[in-house]
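Beneath this line is the structure, given in structure tokens, with notes to follow.
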Amino acid sequence: MTGIELSSNAFNDHSFIARWYSYEGPNVSPPLAWSGVPDDAAELLLLCEDPDAPSGTFAHWVVVGIDPHSDGVEAGHCPPGGTELVNSYGQQGWGGPHPPPGDDAHHYFFRLYALSEPCVLPDAPGADQVHQEVERRRLADGTLVGLYQR
């Protein structure tokens with residue numbers, strides 16, 4: 001399996017995400033860039049999840065149907081061709097970091113998957129559902145981790 005290079009000009013891998021992108025700030029989705037998508041990918045899927053959430057892994061952003069020929073997304077936008085599903089806040093689209101005050105920094109895993117065929121998910125999938133569906137179709141993936149603490 002090949003790897004996708006996933007990055008952001010808003011934060012580096014394993015560095016802190018600015019309040020601008022958080023749920024307590026303007027709640028703008030961060031810009032992302034990617035490369036190394038296999039030519040035979042049918043679509044891309046983006047998942048941002050927080051496995052440190054007290055109630056279990058929290059899905060902050062789930063986007064399906066992203067154009068496999070795209071190379072990124074600007075801040076505050078949906079990736080090209082993508083459909084934003086309902087996140088764990090119960091809202092469609094991006095829901096930024098909002099860990100409990102006083103917790104150690106939470107890890108926000110941005111995962112981009114290249115899939116061999118379209119992925120069908122419910123309107124409000126949990127992170128575990130996304131992982132189960134992706135496993136059967138994954139050609140390549142890339143991960144970028146951001147930190148946030150209140």
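Ordering of the structure tokens sets the chain letters (A, B, ...), residue numbers begin anew at 1 in every chain, and ligands are numbered from 1 in the order given.
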Contacts of range 15-32 of chain A at 10 Å or less, counting only C-alpha atoms, minus same-chain residues fewer than 6 places along, as a ChimeraX atom specification? /A:6-9,60-61,71-79,93-99,105-108,110,144-150
When you look at Pro118 in chain A with a cut-off of 8 Å (counting only C-alpha atoms), what residues show up, excluding the ones that are within fewer than 6 positions of it in the same chain? I need them as number ranges by chain. A: 42-43, 65
For those residues, write C-alpha atoms to a file as an mmCIF file, in the first residue's frame.
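Below is the file that was written, again_22.cif:
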```cif
data_model
loop_
_atom_site.group_PDB
_atom_site.id
_atom_site.type_symbol
_atom_site.label_atom_id
_atom_site.label_comp_id
_atom_site.auth_asym_id
_atom_site.auth_seq_id
_atom_site.Cartn_x
_atom_site.Cartn_y
_atom_site.Cartn_z
ATOM 1 C CA ALA A 42 -12.259 6.073 -7.334
ATOM 2 C CA GLU A 43 -12.682 8.659 -4.566
ATOM 3 C CA GLY A 65 -16.839 11.443 -2.514
#
```
Hey, what does DSSP flag as strand (DSSP E or B) within range 30-149 of chain A? Can you give it to me as a PyMOL selection string? chain A and resi 32-35+43-50+58-66+72-73+83-84+86+92+106-115+138-148
Which residues, written as an MDAnalysis selection string, have at least one atom at most 10 Å from Gly81 in chain A, with only C-alpha atoms counted and residues fewer than 6 positions away on the same chain left out? chainID A and resid 43:44 63:68 70
Could you save those same residues with N, CA, C and O atoms as a tab-separated table (two decimals), in the first residue's frame?
```
chain	number	residue	atom	x	y	z
A	43	GLU	N	-12.33	7.48	-5.35
A	43	GLU	CA	-12.68	8.66	-4.57
A	43	GLU	C	-11.78	8.75	-3.36
A	43	GLU	O	-11.08	7.79	-3.02
A	44	LEU	N	-11.80	9.91	-2.72
A	44	LEU	CA	-11.09	10.12	-1.47
A	44	LEU	C	-12.11	10.30	-0.35
A	44	LEU	O	-13.23	10.79	-0.59
A	63	VAL	N	-15.94	13.46	5.31
A	63	VAL	CA	-16.26	13.91	3.96
A	63	VAL	C	-16.04	12.74	3.01
A	63	VAL	O	-14.94	12.18	2.95
A	64	VAL	N	-17.08	12.38	2.26
A	64	VAL	CA	-17.00	11.30	1.28
A	64	VAL	C	-17.07	11.87	-0.13
A	64	VAL	O	-17.49	13.01	-0.32
A	65	GLY	N	-16.69	11.07	-1.11
A	65	GLY	CA	-16.84	11.44	-2.51
A	65	GLY	C	-15.91	12.53	-3.01
A	65	GLY	O	-16.18	13.17	-4.02
A	66	ILE	N	-14.78	12.72	-2.33
A	66	ILE	CA	-13.83	13.76	-2.74
A	66	ILE	C	-13.17	13.36	-4.06
A	66	ILE	O	-12.78	12.20	-4.25
A	67	ASP	N	-13.03	14.32	-4.94
A	67	ASP	CA	-12.40	14.10	-6.24
A	67	ASP	C	-10.98	13.56	-6.06
A	67	ASP	O	-10.14	14.23	-5.44
A	68	PRO	N	-10.67	12.37	-6.57
A	68	PRO	CA	-9.34	11.79	-6.39
A	68	PRO	C	-8.24	12.55	-7.15
A	68	PRO	O	-7.06	12.32	-6.92
A	70	SER	N	-8.06	15.85	-7.02
A	70	SER	CA	-7.85	17.11	-6.29
A	70	SER	C	-6.56	17.01	-5.48
A	70	SER	O	-6.01	15.93	-5.27
```
Among chain A, which ones does DSSP assign to helix (DSSP H, G or I) (computed from the backbone)? Answer as a VMD selection string. chain A and resid 19 to 21 127 to 135
Could those selected residues go to a file with N, CA, C and O atoms, as a PDB file, in the first residue's frame?
```pdb
ATOM      1  N   ARG A  19      -6.737  28.393  17.713  1.00  0.00           N
ATOM      2  CA  ARG A  19      -8.112  28.552  18.209  1.00  0.00           C
ATOM      3  C   ARG A  19      -9.078  28.873  17.066  1.00  0.00           C
ATOM      4  O   ARG A  19     -10.260  28.528  17.123  1.00  0.00           O
ATOM      5  N   TRP A  20      -8.584  29.525  16.023  1.00  0.00           N
ATOM      6  CA  TRP A  20      -9.404  29.879  14.859  1.00  0.00           C
ATOM      7  C   TRP A  20     -10.160  28.661  14.309  1.00  0.00           C
ATOM      8  O   TRP A  20     -11.285  28.772  13.835  1.00  0.00           O
ATOM      9  N   TYR A  21      -9.538  27.511  14.370  1.00  0.00           N
ATOM     10  CA  TYR A  21     -10.118  26.288  13.803  1.00  0.00           C
ATOM     11  C   TYR A  21     -10.922  25.494  14.827  1.00  0.00           C
ATOM     12  O   TYR A  21     -11.473  24.449  14.503  1.00  0.00           O
ATOM     13  N   ALA A 127     -16.804   7.240  14.011  1.00  0.00           N
ATOM     14  CA  ALA A 127     -15.463   6.988  13.493  1.00  0.00           C
ATOM     15  C   ALA A 127     -15.231   5.501  13.241  1.00  0.00           C
ATOM     16  O   ALA A 127     -14.613   5.119  12.240  1.00  0.00           O
ATOM     17  N   ASP A 128     -15.732   4.639  14.121  1.00  0.00           N
ATOM     18  CA  ASP A 128     -15.550   3.193  13.944  1.00  0.00           C
ATOM     19  C   ASP A 128     -16.232   2.700  12.670  1.00  0.00           C
ATOM     20  O   ASP A 128     -15.690   1.841  11.969  1.00  0.00           O
ATOM     21  N   GLN A 129     -17.414   3.239  12.364  1.00  0.00           N
ATOM     22  CA  GLN A 129     -18.101   2.851  11.128  1.00  0.00           C
ATOM     23  C   GLN A 129     -17.279   3.247   9.906  1.00  0.00           C
ATOM     24  O   GLN A 129     -17.196   2.486   8.943  1.00  0.00           O
ATOM     25  N   VAL A 130     -16.690   4.426   9.954  1.00  0.00           N
ATOM     26  CA  VAL A 130     -15.871   4.887   8.834  1.00  0.00           C
ATOM     27  C   VAL A 130     -14.691   3.933   8.647  1.00  0.00           C
ATOM     28  O   VAL A 130     -14.420   3.479   7.535  1.00  0.00           O
ATOM     29  N   HIS A 131     -14.001   3.597   9.726  1.00  0.00           N
ATOM     30  CA  HIS A 131     -12.848   2.695   9.627  1.00  0.00           C
ATOM     31  C   HIS A 131     -13.246   1.337   9.048  1.00  0.00           C
ATOM     32  O   HIS A 131     -12.525   0.784   8.209  1.00  0.00           O
ATOM     33  N   GLN A 132     -14.374   0.802   9.483  1.00  0.00           N
ATOM     34  CA  GLN A 132     -14.823  -0.499   8.972  1.00  0.00           C
ATOM     35  C   GLN A 132     -15.080  -0.454   7.471  1.00  0.00           C
ATOM     36  O   GLN A 132     -14.687  -1.365   6.738  1.00  0.00           O
ATOM     37  N   GLU A 133     -15.745   0.596   7.003  1.00  0.00           N
ATOM     38  CA  GLU A 133     -16.048   0.706   5.580  1.00  0.00           C
ATOM     39  C   GLU A 133     -14.802   0.973   4.742  1.00  0.00           C
ATOM     40  O   GLU A 133     -14.679   0.471   3.632  1.00  0.00           O
ATOM     41  N   VAL A 134     -13.897   1.755   5.262  1.00  0.00           N
ATOM     42  CA  VAL A 134     -12.678   2.103   4.544  1.00  0.00           C
ATOM     43  C   VAL A 134     -11.764   0.893   4.367  1.00  0.00           C
ATOM     44  O   VAL A 134     -11.151   0.721   3.305  1.00  0.00           O
ATOM     45  N   GLU A 135     -11.674   0.059   5.375  1.00  0.00           N
ATOM     46  CA  GLU A 135     -10.737  -1.080   5.330  1.00  0.00           C
ATOM     47  C   GLU A 135     -10.919  -1.946   4.093  1.00  0.00           C
ATOM     48  O   GLU A 135      -9.951  -2.461   3.550  1.00  0.00           O
TER      49      GLU A 135
END
```
Considering only C-alpha atoms, return as a list in words whatever protein or nucleic-acid residues lie within 8 Å of Gly90 in chain A, sequence-local ones (same chain, fewer than 3 positions apart) excluded. Val86, Asn87 and Ala124 of chain A
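Closest approach to Glu49 in chain A from the set A:Gly126, A:Phe109, A:Glu117, A:Ala140 is made by A:Phe109, with distances taken over only C-alpha atoms.
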